[in-house]
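Take a look at the structure below.
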Amino acid sequence: MFGVQFNTLCTILDCKIMELNKSQYTSVLTKRIVAEFEAVAKAKDIPLTAELALKTIDASLAPDQAGDHYPSMHQDIASGRRTEIDYLNGAIARMGKELNIPTPTNTLITELIHAREDIAVKN
């Protein structure tokens with residue numbers, strides 16, 4: 001769950017994990033990401049609740065827990081490498097499409113990360 005939230009938002013926003021709490025909008029985005037994740041998990045009979053996921057994410061963003069570092073996806077982009085986005089938010093978007101479950105937030109995040117890759121990756 002952390003990968004679909006910490007990795008992607010820090011990469012798009014160009015910030016460290018501990019900086020995610022500086023904007024009220026990251027909480028809104030996180031709730032949307034998790035809600036779509038929960039809907040896909042429910043359709044696949046995977047026991048995951050948005051409540052538990054959000055509680056875990058919130059605990060990890062506490063000032064004494066949040067890392068003063070960039071997550072791996074951000075480091076990949078900074079180093080001109082492709083990311084694992086297709087296995088994180090991209091997987092949720094792909095499964096949502098197969099199951100006819102709307103996943104607009106995860107789809108957009110996947111597209112934004114791919115755009116960052118296209119600009120950053122050394123060919």
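Starting from 1 in every chain, residues are counted up; chains themselves are A, B, ... following the order of the structure tokens, and ligands are numbered from 1 as listed.
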
- Task: Would you kindly return, as a VMD selection string, each protein, DNA or RNA residue with an atom no farther than 8 Å from any atom of Ile17 in chain A, considering only C-alpha atoms and excluding same-chain residues fewer than 4 positions away?
- Result: chain A and resid 6 10 61 66 to 71

Give me, as CSV, the closest atom pair and its distance (Å, one decimal) for every residue of range 2-88 of chain A within a cut-off of 12 Å of range 104-121 of chain A, counting only C-alpha atoms, rows sorted by chain and rising number.
residue,atom,partner,partner_atom,distance
A:Val4,CA,A:Asn106,CA,8.4
A:Gln5,CA,A:Ile109,CA,9.8
A:Phe6,CA,A:Ile109,CA,12.0
A:Asn7,CA,A:Ile113,CA,10.1
A:Thr8,CA,A:Ile109,CA,7.1
A:Leu9,CA,A:Ile109,CA,8.3
A:Cys10,CA,A:Ile113,CA,10.7
A:Thr11,CA,A:Ile113,CA,7.6
A:Ile12,CA,A:Ile113,CA,6.8
A:Leu13,CA,A:Ile113,CA,10.6
A:Asp14,CA,A:Arg116,CA,10.9
A:Val28,CA,A:Thr105,CA,10.7
A:Leu29,CA,A:Thr105,CA,7.7
A:Thr30,CA,A:Thr105,CA,9.5
A:Lys31,CA,A:Thr105,CA,10.0
A:Arg32,CA,A:Thr105,CA,6.5
A:Ile33,CA,A:Asn106,CA,6.0
A:Val34,CA,A:Asn106,CA,9.2
A:Ala35,CA,A:Thr105,CA,9.6
A:Glu36,CA,A:Asn106,CA,7.5
A:Phe37,CA,A:Asn106,CA,8.5
A:Glu38,CA,A:Asn106,CA,12.0
A:Val40,CA,A:Asn106,CA,11.3
A:Met73,CA,A:Ile113,CA,9.2
A:His74,CA,A:Ile113,CA,9.7
A:Gln75,CA,A:Ala120,CA,11.2
A:Asp76,CA,A:Val121,CA,8.9
A:Ile77,CA,A:Ala120,CA,6.0
A:Ala78,CA,A:Ala120,CA,7.2
A:Ser79,CA,A:Val121,CA,7.8
A:Gly80,CA,A:Val121,CA,4.0
A:Arg81,CA,A:Val121,CA,5.3
A:Arg82,CA,A:Glu117,CA,5.9
A:Thr83,CA,A:Glu117,CA,7.5
A:Glu84,CA,A:Ile113,CA,9.6
A:Ile85,CA,A:Thr110,CA,6.2
A:Asp86,CA,A:Thr110,CA,7.1
A:Tyr87,CA,A:Thr110,CA,9.9
A:Leu88,CA,A:Thr110,CA,8.5

Keeping only N, CA, C and O atoms, write those residues as a compact mmCIF listing (two decimals), in the first residue's frame.
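Here's the written file selection-v4.txt:
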# COMPACT_ATOMS: atom_id res chain seq x y z
N VAL A 4 1.96 2.56 -3.58
CA VAL A 4 0.99 3.27 -4.42
C VAL A 4 0.73 4.68 -3.92
O VAL A 4 0.15 5.48 -4.63
N GLN A 5 1.19 4.99 -2.73
CA GLN A 5 0.96 6.31 -2.17
C GLN A 5 2.28 7.08 -2.01
O GLN A 5 2.50 8.08 -2.65
N PHE A 6 3.20 6.60 -1.16
CA PHE A 6 4.46 7.32 -0.90
C PHE A 6 5.28 7.47 -2.18
O PHE A 6 5.72 8.56 -2.51
N ASN A 7 5.54 6.36 -2.85
CA ASN A 7 6.38 6.39 -4.04
C ASN A 7 5.84 7.35 -5.08
O ASN A 7 6.57 8.20 -5.60
N THR A 8 4.57 7.20 -5.40
CA THR A 8 4.02 7.98 -6.51
C THR A 8 3.87 9.45 -6.16
O THR A 8 4.26 10.31 -6.96
N LEU A 9 3.31 9.76 -5.01
CA LEU A 9 3.10 11.17 -4.67
C LEU A 9 4.41 11.91 -4.49
O LEU A 9 4.56 13.05 -4.94
N CYS A 10 5.39 11.29 -3.85
CA CYS A 10 6.69 11.94 -3.69
C CYS A 10 7.37 12.16 -5.04
O CYS A 10 8.04 13.17 -5.24
N THR A 11 7.18 11.24 -5.96
CA THR A 11 7.78 11.38 -7.28
C THR A 11 7.11 12.49 -8.06
O THR A 11 7.78 13.33 -8.67
N ILE A 12 5.80 12.53 -8.05
CA ILE A 12 5.07 13.57 -8.77
C ILE A 12 5.32 14.95 -8.14
O ILE A 12 5.53 15.93 -8.84
N LEU A 13 5.33 15.01 -6.82
CA LEU A 13 5.47 16.28 -6.11
C LEU A 13 6.92 16.68 -5.85
O LEU A 13 7.17 17.76 -5.31
N ASP A 14 7.85 15.79 -6.18
CA ASP A 14 9.29 16.05 -5.97
C ASP A 14 9.57 16.41 -4.51
O ASP A 14 10.11 17.48 -4.21
N VAL A 28 -6.23 14.12 0.46
CA VAL A 28 -7.33 13.91 -0.47
C VAL A 28 -6.93 12.88 -1.53
O VAL A 28 -7.68 11.94 -1.83
N LEU A 29 -5.74 13.05 -2.09
CA LEU A 29 -5.24 12.12 -3.10
C LEU A 29 -5.08 10.71 -2.52
O LEU A 29 -5.44 9.72 -3.16
N THR A 30 -4.54 10.64 -1.32
CA THR A 30 -4.36 9.34 -0.68
C THR A 30 -5.69 8.63 -0.50
O THR A 30 -5.80 7.43 -0.79
N LYS A 31 -6.70 9.34 -0.06
CA LYS A 31 -8.02 8.73 0.13
C LYS A 31 -8.58 8.21 -1.19
O LYS A 31 -9.20 7.15 -1.24
N ARG A 32 -8.38 8.95 -2.26
CA ARG A 32 -8.85 8.51 -3.58
C ARG A 32 -8.09 7.27 -4.05
O ARG A 32 -8.70 6.33 -4.59
N ILE A 33 -6.78 7.28 -3.89
CA ILE A 33 -5.95 6.13 -4.28
C ILE A 33 -6.43 4.89 -3.54
O ILE A 33 -6.66 3.83 -4.13
N VAL A 34 -6.57 5.01 -2.23
CA VAL A 34 -6.94 3.88 -1.38
C VAL A 34 -8.37 3.40 -1.68
O VAL A 34 -8.62 2.20 -1.71
N ALA A 35 -9.29 4.31 -1.92
CA ALA A 35 -10.67 3.91 -2.23
C ALA A 35 -10.71 3.06 -3.49
O ALA A 35 -11.43 2.04 -3.54
N GLU A 36 -9.96 3.44 -4.50
CA GLU A 36 -9.93 2.66 -5.73
C GLU A 36 -9.25 1.31 -5.50
O GLU A 36 -9.69 0.28 -6.02
N PHE A 37 -8.20 1.32 -4.70
CA PHE A 37 -7.49 0.09 -4.35
C PHE A 37 -8.45 -0.86 -3.63
O PHE A 37 -8.52 -2.06 -3.92
N GLU A 38 -9.22 -0.31 -2.68
CA GLU A 38 -10.18 -1.11 -1.92
C GLU A 38 -11.26 -1.70 -2.83
O GLU A 38 -11.63 -2.87 -2.69
N VAL A 40 -11.11 -2.45 -6.03
CA VAL A 40 -10.55 -3.54 -6.84
C VAL A 40 -10.29 -4.77 -5.96
O VAL A 40 -10.61 -5.90 -6.35
N MET A 73 11.04 5.21 -6.12
CA MET A 73 10.55 5.64 -7.42
C MET A 73 11.12 7.01 -7.78
O MET A 73 11.53 7.26 -8.91
N HIS A 74 11.16 7.90 -6.81
CA HIS A 74 11.74 9.23 -7.02
C HIS A 74 13.22 9.07 -7.38
O HIS A 74 13.72 9.76 -8.29
N GLN A 75 13.92 8.19 -6.69
CA GLN A 75 15.33 7.96 -6.97
C GLN A 75 15.54 7.38 -8.37
O GLN A 75 16.50 7.73 -9.06
N ASP A 76 14.62 6.51 -8.81
CA ASP A 76 14.70 5.97 -10.17
C ASP A 76 14.60 7.10 -11.20
O ASP A 76 15.41 7.17 -12.13
N ILE A 77 13.61 7.95 -11.05
CA ILE A 77 13.43 9.07 -11.98
C ILE A 77 14.66 9.98 -11.96
O ILE A 77 15.18 10.38 -13.01
N ALA A 78 15.15 10.29 -10.77
CA ALA A 78 16.32 11.17 -10.64
C ALA A 78 17.56 10.56 -11.30
O ALA A 78 18.44 11.29 -11.77
N SER A 79 17.61 9.24 -11.35
CA SER A 79 18.75 8.54 -11.95
C SER A 79 18.51 8.17 -13.41
O SER A 79 19.33 7.46 -14.02
N GLY A 80 17.38 8.60 -13.97
CA GLY A 80 17.08 8.34 -15.36
C GLY A 80 16.67 6.90 -15.65
O GLY A 80 16.91 6.39 -16.75
N ARG A 81 16.04 6.26 -14.68
CA ARG A 81 15.59 4.88 -14.86
C ARG A 81 14.06 4.81 -14.90
O ARG A 81 13.38 5.65 -14.35
N ARG A 82 13.56 3.77 -15.53
CA ARG A 82 12.12 3.49 -15.51
C ARG A 82 11.73 3.06 -14.10
O ARG A 82 12.56 2.59 -13.32
N THR A 83 10.46 3.21 -13.79
CA THR A 83 9.96 2.88 -12.45
C THR A 83 9.10 1.62 -12.47
O THR A 83 8.85 1.05 -13.53
N GLU A 84 8.62 1.26 -11.29
CA GLU A 84 7.75 0.10 -11.13
C GLU A 84 6.28 0.48 -11.15
O GLU A 84 5.41 -0.27 -10.70
N ILE A 85 5.94 1.62 -11.71
CA ILE A 85 4.57 2.14 -11.68
C ILE A 85 3.54 1.17 -12.23
O ILE A 85 2.43 1.08 -11.71
N ASP A 86 3.90 0.40 -13.25
CA ASP A 86 2.92 -0.53 -13.84
C ASP A 86 2.55 -1.67 -12.89
O ASP A 86 1.53 -2.34 -13.09
N TYR A 87 3.36 -1.87 -11.85
CA TYR A 87 3.09 -2.92 -10.86
C TYR A 87 2.45 -2.37 -9.60
O TYR A 87 2.12 -3.13 -8.69
N LEU A 88 2.26 -1.07 -9.56
CA LEU A 88 1.65 -0.43 -8.40
C LEU A 88 0.31 0.18 -8.83
O LEU A 88 -0.66 -0.55 -9.02

- Message: Please identify the helix (DSSP H, G or I) residues within range 68-113 of chain A (assignment by DSSP from backbone atoms) and present them as number ranges by chain.
- Response: A: 72-78, 85-87, 89-98, 104-113

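Atom pair CA of Ser27 in chain A / CA of Asp58 in chain A has a distance of 9.1 Å (rounded to one decimal).
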
- Query: Using only C-alpha atoms, which of A:Ala93, A:Leu99, A:Met18, A:Ala39 sits nearest Ala59 in chain A?
  - Reply: A:Met18
